[in-house]
$ cat work-v9.cif   # mmCIF, C-alpha atoms
data_structure
loop_
_atom_site.label_atom_id
_atom_site.label_comp_id
_atom_site.auth_asym_id
_atom_site.auth_seq_id
_atom_site.Cartn_x
_atom_site.Cartn_y
_atom_site.Cartn_z
CA MET N 1 96.14 112.97 123.26
CA ASP N 2 99.22 111.02 124.25
CA THR N 3 102.09 110.62 121.80
CA LYS N 4 100.91 107.20 120.66
CA GLU N 5 97.44 108.50 119.79
CA ILE N 6 98.97 111.50 118.05
CA LYS N 7 101.13 109.25 115.90
CA ILE N 8 98.16 107.06 114.99
CA LYS N 9 96.21 110.15 113.96
CA ILE N 10 99.02 111.28 111.66
CA ALA N 11 99.42 107.77 110.22
CA LYS N 12 95.68 107.49 109.52
CA ARG N 13 95.63 110.78 107.66
CA ILE N 14 98.64 109.87 105.53
CA ALA N 15 97.15 106.46 104.75
CA GLN N 16 94.33 108.26 102.94
CA GLU N 17 96.84 109.62 100.44
CA LEU N 18 97.54 106.10 99.16
CA LYS N 19 95.85 104.93 96.00
CA ASP N 20 95.25 101.54 94.44
CA GLY N 21 98.45 100.15 92.92
CA TYR N 22 100.78 102.70 94.48
CA VAL N 23 104.34 101.61 95.21
CA VAL N 24 105.20 103.03 98.61
CA ASN N 25 108.19 103.23 100.92
CA LEU N 26 107.58 103.91 104.60
CA GLY N 27 110.39 105.13 106.86
CA ILE N 28 111.19 103.72 110.26
CA GLY N 29 109.06 104.72 113.26
CA LEU N 30 105.91 106.79 112.81
CA PRO N 31 105.77 106.34 109.00
CA THR N 32 105.66 102.53 109.44
CA LEU N 33 102.30 102.91 111.24
CA VAL N 34 100.73 104.10 107.98
CA ALA N 35 100.61 100.47 106.78
CA ASN N 36 98.05 99.69 109.51
CA TYR N 37 95.46 102.10 108.12
CA ILE N 38 95.35 101.49 104.37
CA PRO N 39 91.86 102.28 103.02
CA LYS N 40 89.75 99.21 102.32
CA ASN N 41 89.42 97.84 98.79
CA ILE N 42 92.77 99.11 97.56
CA ASP N 43 96.09 97.32 97.15
CA VAL N 44 99.26 99.18 98.03
CA ILE N 45 102.63 97.66 97.16
CA PHE N 46 105.32 98.18 99.77
CA HIS N 47 108.97 98.56 98.87
CA SER N 48 111.69 98.01 101.45
CA GLU N 49 115.08 99.56 100.68
CA ASN N 50 116.96 96.42 101.75
CA GLY N 51 115.63 94.60 98.73
CA ILE N 52 111.92 93.78 98.76
CA ILE N 53 108.90 94.66 96.66
CA GLY N 54 105.68 93.26 98.06
CA MET N 55 106.69 93.40 101.69
CA GLY N 56 104.00 91.90 103.90
CA PRO N 57 103.16 92.13 107.60
CA LYS N 58 105.04 90.69 110.54
CA PRO N 59 105.12 86.87 110.46
CA GLU N 60 103.29 84.72 112.98
CA GLU N 61 105.37 83.78 115.97
CA GLY N 62 107.63 80.86 115.11
CA LYS N 63 107.46 81.59 111.38
CA GLU N 64 110.17 84.28 111.30
CA ASP N 65 112.83 83.96 108.61
CA LYS N 66 116.04 85.70 109.64
CA ASP N 67 116.75 86.51 105.99
CA ILE N 68 113.52 88.47 105.53
CA ILE N 69 113.55 91.77 107.40
CA ASN N 70 112.44 95.35 106.88
CA ALA N 71 114.64 98.45 106.87
CA GLY N 72 114.30 98.71 110.65
CA GLY N 73 115.64 95.19 111.16
CA GLY N 74 112.27 93.68 112.17
CA TYR N 75 110.99 90.40 110.75
CA VAL N 76 108.51 90.75 107.91
CA THR N 77 106.96 88.53 105.25
CA VAL N 78 106.83 88.72 101.49
CA LEU N 79 103.50 88.58 99.69
CA PRO N 80 102.81 86.11 96.85
CA TYR N 81 103.43 88.78 94.19
CA GLY N 82 106.68 89.92 95.84
CA ALA N 83 110.27 89.98 94.68
CA PHE N 84 113.73 90.18 96.25
CA PHE N 85 116.74 91.96 94.76
CA ASP N 86 120.12 93.39 95.67
CA SER N 87 120.70 96.89 97.07
CA THR N 88 121.80 98.52 93.80
CA PHE N 89 118.57 97.41 92.15
CA SER N 90 116.58 98.53 95.17
CA PHE N 91 118.07 102.02 95.01
CA GLY N 92 117.59 102.03 91.26
CA ILE N 93 113.88 101.66 92.02
CA ILE N 94 114.17 104.58 94.45
CA ARG N 95 116.22 106.99 92.33
CA GLY N 96 114.53 105.93 89.12
CA GLY N 97 111.22 107.47 90.15
CA HIS N 98 109.42 104.16 90.58
CA LEU N 99 108.08 104.96 94.05
CA ASP N 100 104.78 106.83 94.08
CA ILE N 101 105.11 107.95 97.69
CA THR N 102 107.80 107.99 100.33
CA VAL N 103 106.84 108.78 103.92
CA LEU N 104 109.62 109.86 106.28
CA GLY N 105 110.06 111.38 109.70
CA ALA N 106 111.85 114.68 110.27
CA LEU N 107 113.87 116.57 112.83
CA GLN N 108 113.14 119.77 110.92
CA VAL N 109 111.40 120.74 107.72
CA ASP N 110 111.08 124.19 106.17
CA GLN N 111 108.90 126.27 103.86
CA GLU N 112 111.21 125.64 100.89
CA GLY N 113 110.62 121.90 101.22
CA ASN N 114 114.05 121.25 102.70
CA LEU N 115 114.33 118.31 105.09
CA ALA N 116 116.72 117.58 107.96
CA ASN N 117 116.44 114.14 109.51
CA TRP N 118 119.83 112.49 109.71
CA MET N 119 121.95 114.18 112.35
CA ILE N 120 122.26 116.67 115.17
CA PRO N 121 125.98 117.55 115.17
CA GLY N 122 127.75 116.36 118.31
CA LYS N 123 124.62 114.79 119.76
CA LEU N 124 122.75 112.37 117.57
CA ILE N 125 124.49 110.94 114.54
CA PRO N 126 122.58 108.02 113.09
CA GLY N 127 123.57 108.69 109.48
CA MET N 128 121.36 109.14 106.45
CA GLY N 129 120.88 105.47 105.54
CA GLY N 130 118.68 105.51 102.46
CA ALA N 131 116.88 108.77 103.25
CA MET N 132 118.84 111.01 100.87
CA ASP N 133 118.13 108.66 97.96
CA LEU N 134 114.46 108.33 98.91
CA VAL N 135 113.84 112.07 98.94
CA SER N 136 115.71 112.64 95.70
CA GLY N 137 113.92 109.96 93.71
CA SER N 138 110.33 109.48 94.87
CA LYS N 139 107.47 111.04 92.94
CA ARG N 140 106.03 112.44 96.15
CA VAL N 141 107.62 112.92 99.58
CA ILE N 142 105.39 113.17 102.64
CA VAL N 143 106.86 114.10 106.00
CA ALA N 144 105.14 112.61 109.04
CA MET N 145 106.09 114.43 112.21
CA LEU N 146 104.96 115.91 115.48
CA HIS N 147 104.23 119.60 115.07
CA THR N 148 106.58 120.74 117.82
CA ASP N 149 109.54 119.42 119.81
CA LYS N 150 109.25 118.39 123.47
CA LYS N 151 109.68 122.01 124.56
CA GLY N 152 106.89 123.15 122.28
CA ASN N 153 109.13 124.77 119.67
CA SER N 154 108.09 124.57 116.03
CA LYS N 155 109.91 121.95 113.94
CA ILE N 156 108.41 123.51 110.81
CA LEU N 157 110.77 126.38 110.09
CA LYS N 158 111.48 129.18 107.66
CA LYS N 159 114.88 127.59 107.12
CA CYS N 160 116.30 124.34 108.52
CA ASN N 161 119.48 124.81 110.56
CA LEU N 162 120.46 121.13 110.94
CA PRO N 163 122.42 119.31 108.22
CA LEU N 164 120.03 118.65 105.34
CA THR N 165 118.85 115.33 103.97
CA GLY N 166 117.59 116.92 100.79
CA ILE N 167 116.70 120.29 99.30
CA HIS N 168 113.29 121.28 97.88
CA CYS N 169 112.19 117.68 98.24
CA VAL N 170 109.21 117.72 100.60
CA ASP N 171 105.77 117.93 99.00
CA THR N 172 103.47 117.49 101.98
CA ILE N 173 103.81 117.76 105.76
CA VAL N 174 101.33 116.02 108.05
CA THR N 175 101.36 116.66 111.79
CA GLU N 176 98.78 116.11 114.51
CA ARG N 177 97.65 119.69 113.96
CA ALA N 178 97.85 120.32 110.25
CA TYR N 179 98.18 119.11 106.68
CA PHE N 180 100.40 121.43 104.63
CA ASP N 181 101.40 121.30 101.00
CA VAL N 182 104.74 122.95 100.26
CA ASP N 183 104.52 125.66 97.61
CA LYS N 184 108.10 125.52 96.38
CA GLU N 185 107.67 128.53 94.06
CA GLN N 186 106.32 130.87 96.71
CA LYS N 187 108.41 129.21 99.44
CA LYS N 188 105.40 128.99 101.70
CA LEU N 189 103.25 126.31 103.23
CA ILE N 190 99.62 125.99 102.21
CA LEU N 191 97.38 124.93 105.08
CA LYS N 192 94.93 122.51 103.48
CA GLU N 193 93.49 120.82 106.55
CA TYR N 194 93.66 121.29 110.29
CA ASN N 195 92.76 119.45 113.45
CA SER N 196 89.65 121.09 114.88
CA ASP N 197 91.03 120.68 118.42
CA PHE N 198 93.06 123.78 117.45
CA THR N 199 92.11 127.06 115.81
CA ILE N 200 93.78 128.09 112.56
CA GLU N 201 95.36 130.99 114.47
CA GLU N 202 96.85 128.57 117.01
CA ILE N 203 98.30 126.46 114.23
CA ILE N 204 99.85 129.45 112.46
CA GLU N 205 101.26 130.63 115.81
CA SER N 206 102.86 127.25 116.49
CA THR N 207 104.45 127.15 113.01
CA GLU N 208 107.57 129.20 112.37
CA ALA N 209 107.26 128.83 108.60
CA ASP N 210 105.13 131.25 106.57
CA VAL N 211 101.68 129.77 106.14
CA ILE N 212 98.99 130.57 103.60
CA VAL N 213 95.53 129.32 104.52
CA ASP N 214 94.00 127.60 101.52
CA ASP N 215 90.66 129.00 100.33
CA ASN N 216 89.18 125.54 100.73
CA VAL N 217 90.75 124.72 104.08
CA LYS N 218 88.95 121.86 105.83
CA THR N 219 89.11 120.10 109.12
CA PHE N 220 91.16 116.86 109.13
CA LEU N 221 89.76 114.09 107.01
CA ILE N 222 89.96 111.45 109.69
CA GLU N 223 87.06 109.48 111.03
CA MET R 224 140.63 73.36 88.87
CA LEU R 225 137.11 74.60 89.20
CA GLU R 226 136.60 73.91 92.87
CA LYS R 227 137.38 76.71 95.30
CA PRO R 228 139.26 76.03 98.53
CA ILE R 229 136.97 75.45 101.48
CA ILE R 230 138.69 77.03 104.45
CA THR R 231 137.93 77.73 108.10
CA PRO R 232 136.99 81.21 109.38
CA LYS R 233 140.38 81.36 111.13
CA GLU R 234 142.23 80.58 107.88
CA ALA R 235 140.18 83.27 106.12
CA VAL R 236 141.08 85.87 108.73
CA ASP R 237 144.76 84.90 108.49
CA LEU R 238 144.72 86.28 104.93
CA VAL R 239 143.97 89.77 106.27
CA LYS R 240 146.76 92.19 107.17
CA ASP R 241 146.61 95.11 109.59
CA GLY R 242 145.22 98.19 107.85
CA ASP R 243 143.41 96.23 105.11
CA SER R 244 140.04 97.28 103.75
CA ILE R 245 137.15 94.82 103.92
CA MET R 246 133.64 95.09 102.50
CA PHE R 247 130.94 93.33 104.50
CA GLY R 248 127.62 92.29 103.07
CA SER R 249 124.92 92.90 105.69
CA PHE R 250 121.85 94.97 106.39
CA LEU R 251 121.37 95.01 110.16
CA VAL R 252 122.97 91.54 110.34
CA CYS R 253 120.70 90.12 107.62
CA GLY R 254 123.12 88.62 105.11
CA ALA R 255 126.19 89.01 107.32
CA ALA R 256 129.02 86.48 107.28
CA GLU R 257 128.80 86.03 111.03
CA LEU R 258 131.44 83.31 111.49
CA LEU R 259 133.97 85.37 109.55
CA ILE R 260 133.11 88.46 111.60
CA ASP R 261 133.44 86.47 114.84
CA ALA R 262 136.84 85.14 113.80
CA LEU R 263 138.03 88.63 112.88
CA ALA R 264 136.71 90.11 116.13
CA ILE R 265 138.83 87.72 118.24
CA SER R 266 141.90 87.98 115.99
CA ASP R 267 144.87 90.32 116.50
CA LYS R 268 144.10 92.29 113.29
CA LYS R 269 143.80 96.04 113.67
CA ASP R 270 143.38 99.41 111.93
CA LEU R 271 140.90 97.99 109.43
CA THR R 272 138.85 100.05 107.03
CA ILE R 273 135.38 98.58 106.76
CA ILE R 274 132.78 99.25 104.09
CA CYS R 275 129.22 98.32 105.01
CA ILE R 276 125.65 99.57 104.64
CA ALA R 277 125.35 99.99 108.43
CA THR R 278 127.50 99.14 111.42
CA ASP R 279 124.72 96.83 112.63
CA TYR R 280 124.59 96.32 116.41
CA GLU R 281 127.31 96.50 119.03
CA ASP R 282 127.00 92.78 119.79
CA ARG R 283 125.82 91.45 116.44
CA GLY R 284 127.00 91.66 112.84
CA VAL R 285 129.66 94.05 111.60
CA GLY R 286 129.26 96.07 114.81
CA LYS R 287 131.23 93.44 116.76
CA LEU R 288 134.36 94.66 114.99
CA ILE R 289 133.73 98.21 116.18
CA THR R 290 133.19 96.99 119.74
CA ALA R 291 136.41 94.93 119.51
CA LYS R 292 138.24 98.11 118.35
CA LYS R 293 139.41 96.54 115.12
CA VAL R 294 138.29 99.42 112.97
CA LYS R 295 140.09 102.65 112.13
CA LYS R 296 137.67 103.87 109.51
CA ALA R 297 134.12 102.96 108.59
CA ILE R 298 132.59 103.89 105.24
CA THR R 299 128.88 103.45 105.82
CA SER R 300 125.42 104.96 105.51
CA HIS R 301 124.10 104.34 109.01
CA ILE R 302 125.45 103.95 112.54
CA GLY R 303 122.23 104.69 114.45
CA THR R 304 121.73 101.12 115.68
CA ASN R 305 125.22 100.89 117.15
CA PRO R 306 125.97 103.11 120.18
CA GLN R 307 129.60 101.91 120.12
CA THR R 308 130.14 103.38 116.66
CA GLN R 309 128.59 106.68 117.73
CA LYS R 310 130.69 106.77 120.92
CA GLN R 311 134.00 106.05 119.18
CA TYR R 312 133.11 108.52 116.41
CA ILE R 313 132.31 111.32 118.87
CA GLU R 314 135.49 110.51 120.84
CA LYS R 315 137.37 110.66 117.52
CA THR R 316 138.94 107.22 117.93
CA LEU R 317 137.02 106.06 114.86
CA GLU R 318 136.73 107.81 111.53
CA VAL R 319 133.29 107.55 109.92
CA ASN R 320 132.73 108.46 106.31
CA PHE R 321 128.98 108.77 105.73
CA VAL R 322 127.75 107.84 102.26
CA PRO R 323 124.07 107.74 101.28
CA GLN R 324 123.08 104.09 100.98
CA GLY R 325 122.12 104.15 97.32
CA THR R 326 125.33 105.97 96.46
CA LEU R 327 127.41 103.58 98.57
CA VAL R 328 126.15 100.46 96.84
CA GLU R 329 126.27 102.06 93.40
CA ARG R 330 129.90 103.12 93.99
CA ILE R 331 130.69 99.49 94.77
CA ARG R 332 128.81 98.40 91.66
CA ALA R 333 130.83 100.93 89.65
CA ALA R 334 134.07 99.45 90.98
CA ALA R 335 132.80 95.94 90.23
CA THR R 336 131.77 96.74 86.68
CA GLY R 337 134.48 99.09 85.46
CA ILE R 338 132.40 102.26 85.58
CA GLY R 339 134.61 105.31 86.27
CA GLY R 340 131.90 107.11 88.20
CA PHE R 341 128.21 107.92 87.94
CA LEU R 342 125.88 110.88 88.26
CA THR R 343 123.27 110.96 90.99
CA PRO R 344 120.93 113.61 92.35
CA THR R 345 121.28 112.10 95.83
CA GLY R 346 122.96 114.46 98.29
CA LEU R 347 122.71 117.63 96.18
CA GLY R 348 122.63 120.68 98.43
CA THR R 349 123.74 118.66 101.48
CA ILE R 350 127.15 118.11 103.06
CA VAL R 351 127.49 115.00 100.87
CA GLN R 352 128.09 117.42 98.00
CA GLU R 353 131.25 118.90 99.59
CA GLY R 354 134.32 118.51 97.40
CA LYS R 355 132.43 116.83 94.58
CA GLU R 356 131.97 117.89 91.01
CA ILE R 357 128.45 118.95 89.99
CA ILE R 358 127.56 118.07 86.43
CA ASN R 359 124.50 119.41 84.65
CA VAL R 360 122.82 117.08 82.19
CA ASP R 361 119.87 118.40 80.18
CA GLY R 362 119.16 121.08 82.77
CA LYS R 363 119.41 118.87 85.84
CA ASP R 364 122.26 118.86 88.36
CA TYR R 365 123.96 115.68 89.53
CA LEU R 366 126.88 114.82 91.78
CA LEU R 367 129.75 112.88 90.29
CA GLU R 368 130.35 109.88 92.53
CA LYS R 369 133.38 107.67 92.08
CA PRO R 370 133.92 103.91 92.43
CA LEU R 371 134.61 102.36 95.82
CA LYS R 372 136.01 98.97 96.68
CA GLY R 373 137.87 97.10 99.36
CA LYS R 374 140.65 94.53 99.12
CA PHE R 375 138.41 91.86 100.63
CA ALA R 376 134.71 91.08 100.56
CA PHE R 377 133.29 88.98 103.40
CA VAL R 378 130.08 87.75 101.93
CA HIS R 379 127.21 85.54 103.00
CA ALA R 380 125.12 83.31 100.76
CA LYS R 381 122.37 80.83 101.47
CA LYS R 382 123.89 78.26 99.17
CA ALA R 383 127.11 77.85 97.20
CA ASP R 384 128.35 75.11 94.93
CA LYS R 385 131.99 74.12 95.00
CA PHE R 386 132.74 76.38 92.01
CA GLY R 387 131.45 79.29 94.10
CA ASN R 388 128.16 79.88 92.30
CA LEU R 389 125.92 81.61 94.82
CA GLN R 390 122.29 81.75 95.74
CA PHE R 391 121.00 84.36 98.12
CA HIS R 392 117.73 84.20 99.99
CA GLY R 393 115.18 86.86 100.88
CA SER R 394 116.56 90.27 101.71
CA ALA R 395 119.94 88.77 102.65
CA ASN R 396 121.41 89.56 99.25
CA ASN R 397 121.60 93.34 99.83
CA SER R 398 125.21 94.45 99.24
CA ASN R 399 126.67 90.93 99.08
CA LEU R 400 126.43 90.50 95.34
CA PHE R 401 128.35 93.54 94.13
CA MET R 402 130.82 93.47 97.02
CA ALA R 403 131.72 89.92 95.97
CA MET R 404 132.21 91.12 92.41
CA ALA R 405 134.21 94.25 93.36
CA ALA R 406 136.77 92.83 95.80
CA ASP R 407 140.27 91.57 95.00
CA ILE R 408 139.68 88.63 97.33
CA THR R 409 136.16 87.37 97.99
CA ILE R 410 135.46 84.96 100.81
CA VAL R 411 131.98 83.51 100.96
CA GLU R 412 130.39 82.06 104.05
CA ALA R 413 127.69 79.78 102.73
CA GLY R 414 124.84 78.18 104.64
CA GLU R 415 125.19 75.13 102.46
CA ILE R 416 127.94 73.98 100.08
CA VAL R 417 126.79 71.60 97.34
CA GLU R 418 128.41 69.83 94.40
CA ILE R 419 128.90 71.62 91.09
CA GLY R 420 125.75 71.15 89.00
CA GLU R 421 123.39 71.07 91.94
CA ILE R 422 122.41 74.71 91.42
CA ASP R 423 120.43 75.16 88.23
CA PRO R 424 122.29 77.78 86.12
CA ASP R 425 118.97 79.59 85.67
CA PHE R 426 118.97 80.26 89.40
CA VAL R 427 122.59 81.22 90.05
CA HIS R 428 122.54 84.77 91.47
CA LEU R 429 126.30 85.30 91.25
CA SER R 430 128.77 83.28 89.22
CA GLY R 431 131.56 81.49 91.00
CA ILE R 432 134.17 83.36 88.93
CA PHE R 433 133.99 86.10 91.58
CA VAL R 434 134.59 83.76 94.53
CA ASP R 435 138.07 82.92 95.84
CA TYR R 436 137.35 80.95 99.01
CA LEU R 437 134.40 79.22 100.61
CA VAL R 438 133.66 78.89 104.31
CA LYS R 439 130.93 76.62 105.65
CA ALA R 440 128.52 78.48 107.90
#

$ encode --input "work-v9.cif" --output "structure tokens"
Amino acid sequence: MDTKEIKIKIAKRIAQELKDGYVVNLGIGLPTLVANYIPKNIDVIFHSENGIIGMGPKPEEGKEDKDIINAGGGYVTVLPYGAFFDSTFSFGIIRGGHLDITVLGALQVDQEGNLANWMIPGKLIPGMGGAMDLVSGSKRVIVAMLHTDKKGNSKILKKCNLPLTGIHCVDTIVTERAYFDVDKEQKKLILKEYNSDFTIEEIIESTEADVIVDDNVKTFLIE
Amino acid sequence: MLEKPIITPKEAVDLVKDGDSIMFGSFLVCGAAELLIDALAISDKKDLTIICIATDYEDRGVGKLITAKKVKKAITSHIGTNPQTQKQYIEKTLEVNFVPQGTLVERIRAAATGIGGFLTPTGLGTIVQEGKEIINVDGKDYLLEKPLKGKFAFVHAKKADKFGNLQFHGSANNSNLFMAMAADITIVEAGEIVEIGEIDPDFVHLSGIFVDYLVKA
């Protein structure tokens, strides 16, 4: 699989976590792809941190409105049931626990549910944007990420060593190889599903974090 | 005298002194007062402190001021879309104070509304926590965050009346509203300036009492 296919696979799996009526925030990049694979017959309400509930798809060419963008700066639309508001209200929605699911990318994640995704000191310093608020306020935080870095090293660690975005905030990690739930009490990851292109042993080997294989472990629920 | 002075971008920038702090409404240029930013970028002002959600792009929005080396310190949540900000920050010619976005806008709201600080879970256990008081309320920890404001707010609105009543459009409101309310001097660049009474009071997003000057976009 090339990277694009891998990302689509991850996005499709996460999309199956969405339920009818959920209010959802998708991060920039891979998480945004989730919107393309919403299960049929359900309505999911998208929140955008810059002040939109009911964010819709990209407008047709020529119909862009420069005042209606998503958190990545791309043109979007607003659906008939939508609403606009200022940033303090938008982050009130986030911190207030009104988002059912937030999906974000990660540089590193660990078995305690800690997340690092906002800087690599001296190298890459984008800033946290709204990520720290999103992970502290959402009912459920799902990390969408590639299982390893370009050199093949695990990005799913015992303990993150980059500056953190949030502590004990990640509930679920979905990669191209595995679906883990974070057991914050035991400080371990529970392997719930895996990609049958790999063996469970291979997945455990490519994951630095401590992994418990769930009794009901299944292969990935993707068509 | 209800009507606010309508001035040019150049006249607005002339009000600014070296070293002043300015809040800019904008989220990746959406809702940015672009004429005011352009006028400031070509002015001789320097050593500014800017407060903004993101430093936008190196050639668009607030980022133009970074590129033009007008800024000494940026208080912001995101610089990832502006390589100039990252370069000057790494070279230590620009100070960047990172604030989580929700905390940044709420600190401005606190300054605007006379709140002495607020408690938020955002940033607990991260470097954002450094030097801040942790307060436990009913078994849950929060960081104490304090108000933040600038001397000026450079704000954009879709429509203003001559009193300064504002209407925003789409996602271009973002930080504009509370920055306008928090600043000592608020200058609004409006897409359209209409007579008093032409905006239905039911649909005024921000009262003109917070607006000092109008600029026609």

$ residues_around --input "work-v9.cif" --residues "Asp423 (chain R)" --least-positions-apart "6" --cutoff "12 Å" --atoms "all atoms listed in the file" --output "PDB file with C-alpha atoms, in the frame of the given file"
ATOM      1  CA  LYS R 382     123.890  78.260  99.170  1.00  0.00           C
ATOM      2  CA  ALA R 383     127.110  77.850  97.200  1.00  0.00           C
ATOM      3  CA  ASP R 384     128.350  75.110  94.930  1.00  0.00           C
ATOM      4  CA  ASN R 388     128.160  79.880  92.300  1.00  0.00           C
ATOM      5  CA  LEU R 389     125.920  81.610  94.820  1.00  0.00           C
ATOM      6  CA  GLN R 390     122.290  81.750  95.740  1.00  0.00           C
ATOM      7  CA  VAL R 417     126.790  71.600  97.340  1.00  0.00           C
ATOM      8  CA  SER R 430     128.770  83.280  89.220  1.00  0.00           C
TER       9      SER R 430
END

$ residues_around --input "work-v9.cif" --residues "Leu263 (chain R)" --least-positions-apart "6" --cutoff "10 Å" --atoms "all atoms listed in the file" --output "JSON, numbers by chain"
{"R": [232, 233, 235, 236, 237, 239, 257, 269, 287, 288, 291, 293]}

$ closest_residue --input "work-v9.cif" --among "R:Ile245, R:Ile416, R:Leu437, R:Val328" --to "chain N" --atoms "all atoms listed in the file"
R:Val328

$ resolve_selection --input "work-v9.cif" --expression "the PyMOL selection byres ((chain R) within 8 of (chain N))" --output "PDB file with C-alpha atoms, in the coordinates of the input"
ATOM      1  CA  PHE R 250     121.850  94.970 106.390  1.00  0.00           C
ATOM      2  CA  LEU R 251     121.370  95.010 110.160  1.00  0.00           C
ATOM      3  CA  CYS R 253     120.700  90.120 107.620  1.00  0.00           C
ATOM      4  CA  GLY R 254     123.120  88.620 105.110  1.00  0.00           C
ATOM      5  CA  ILE R 276     125.650  99.570 104.640  1.00  0.00           C
ATOM      6  CA  ALA R 277     125.350  99.990 108.430  1.00  0.00           C
ATOM      7  CA  SER R 300     125.420 104.960 105.510  1.00  0.00           C
ATOM      8  CA  HIS R 301     124.100 104.340 109.010  1.00  0.00           C
ATOM      9  CA  ILE R 302     125.450 103.950 112.540  1.00  0.00           C
ATOM     10  CA  GLY R 303     122.230 104.690 114.450  1.00  0.00           C
ATOM     11  CA  THR R 304     121.730 101.120 115.680  1.00  0.00           C
ATOM     12  CA  GLN R 309     128.590 106.680 117.730  1.00  0.00           C
ATOM     13  CA  ILE R 313     132.310 111.320 118.870  1.00  0.00           C
ATOM     14  CA  PHE R 321     128.980 108.770 105.730  1.00  0.00           C
ATOM     15  CA  VAL R 322     127.750 107.840 102.260  1.00  0.00           C
ATOM     16  CA  PRO R 323     124.070 107.740 101.280  1.00  0.00           C
ATOM     17  CA  GLN R 324     123.080 104.090 100.980  1.00  0.00           C
ATOM     18  CA  GLY R 325     122.120 104.150  97.320  1.00  0.00           C
ATOM     19  CA  THR R 326     125.330 105.970  96.460  1.00  0.00           C
ATOM     20  CA  VAL R 328     126.150 100.460  96.840  1.00  0.00           C
ATOM     21  CA  GLU R 329     126.270 102.060  93.400  1.00  0.00           C
ATOM     22  CA  ARG R 332     128.810  98.400  91.660  1.00  0.00           C
ATOM     23  CA  PRO R 344     120.930 113.610  92.350  1.00  0.00           C
ATOM     24  CA  THR R 345     121.280 112.100  95.830  1.00  0.00           C
ATOM     25  CA  GLY R 346     122.960 114.460  98.290  1.00  0.00           C
ATOM     26  CA  LEU R 347     122.710 117.630  96.180  1.00  0.00           C
ATOM     27  CA  GLY R 348     122.630 120.680  98.430  1.00  0.00           C
ATOM     28  CA  THR R 349     123.740 118.660 101.480  1.00  0.00           C
ATOM     29  CA  ILE R 350     127.150 118.110 103.060  1.00  0.00           C
ATOM     30  CA  HIS R 392     117.730  84.200  99.990  1.00  0.00           C
ATOM     31  CA  GLY R 393     115.180  86.860 100.880  1.00  0.00           C
ATOM     32  CA  SER R 394     116.560  90.270 101.710  1.00  0.00           C
ATOM     33  CA  ALA R 395     119.940  88.770 102.650  1.00  0.00           C
ATOM     34  CA  ASN R 396     121.410  89.560  99.250  1.00  0.00           C
ATOM     35  CA  ASN R 397     121.600  93.340  99.830  1.00  0.00           C
ATOM     36  CA  SER R 398     125.210  94.450  99.240  1.00  0.00           C
ATOM     37  CA  ASN R 399     126.670  90.930  99.080  1.00  0.00           C
ATOM     38  CA  LEU R 400     126.430  90.500  95.340  1.00  0.00           C
TER      39      LEU R 400
END

$ residues_around --input "work-v9.cif" --residues "Phe386 (chain R)" --least-positions-apart "2" --cutoff "7 Å" --atoms "all atoms listed in the file" --output "list in words"
Leu225, Glu226, Lys227, Asp384, Asn388, Ile419 and Gly431 of chain R

$ write_last_selection --input "work-v9.cif" --atoms "C-alpha atoms" --output "short mmCIF file (atom, residue, chain, number, x, y, z; two decimals), keeping the file's coordinate frame"
data_model
loop_
_atom_site.label_atom_id
_atom_site.label_comp_id
_atom_site.auth_asym_id
_atom_site.auth_seq_id
_atom_site.Cartn_x
_atom_site.Cartn_y
_atom_site.Cartn_z
CA LEU R 225 137.11 74.60 89.20
CA GLU R 226 136.60 73.91 92.87
CA LYS R 227 137.38 76.71 95.30
CA ASP R 384 128.35 75.11 94.93
CA ASN R 388 128.16 79.88 92.30
CA ILE R 419 128.90 71.62 91.09
CA GLY R 431 131.56 81.49 91.00
#

$ closest_residue --input "work-v9.cif" --among "N:Leu107, N:Ile142, N:Ala35, N:Val23" --to "Gly82 (chain N)" --atoms "all atoms listed in the file"
N:Val23

$ residues_around --input "work-v9.cif" --residues "Asp243 (chain R)" --least-positions-apart "3" --cutoff "9 Å" --atoms "only C-alpha atoms" --output "JSON, numbers by chain"
{"R": [239, 240, 269, 270, 271, 272, 273, 373, 374, 375]}

$ closest_residue --input "work-v9.cif" --among "R:Asn359, R:Thr336, R:Thr343, R:Asn320" --to "Phe401 (chain R)" --atoms "only C-alpha atoms"
R:Thr336

$ residues_around --input "work-v9.cif" --residues "Thr290 (chain R)" --least-positions-apart "2" --cutoff "10 Å" --atoms "all atoms listed in the file" --output "PyMOL selection string"
chain R and resi 264+280-283+285-288+292-294+305-308+311

$ write_last_selection --input "work-v9.cif" --atoms "C-alpha atoms" --output "compact mmCIF listing (two decimals), in the frame of the given file"
# COMPACT_ATOMS: atom_id res chain seq x y z
CA ALA R 264 136.71 90.11 116.13
CA TYR R 280 124.59 96.32 116.41
CA GLU R 281 127.31 96.50 119.03
CA ASP R 282 127.00 92.78 119.79
CA ARG R 283 125.82 91.45 116.44
CA VAL R 285 129.66 94.05 111.60
CA GLY R 286 129.26 96.07 114.81
CA LYS R 287 131.23 93.44 116.76
CA LEU R 288 134.36 94.66 114.99
CA LYS R 292 138.24 98.11 118.35
CA LYS R 293 139.41 96.54 115.12
CA VAL R 294 138.29 99.42 112.97
CA ASN R 305 125.22 100.89 117.15
CA PRO R 306 125.97 103.11 120.18
CA GLN R 307 129.60 101.91 120.12
CA THR R 308 130.14 103.38 116.66
CA GLN R 311 134.00 106.05 119.18

$ resolve_selection --input "work-v9.cif" --expression "the PyMOL selection byres ((chain N and resi 30) around 10)" --output "MDAnalysis selection string"
chainID N and resid 4 6:8 10:11 26:29 31:34 103:105 144:146
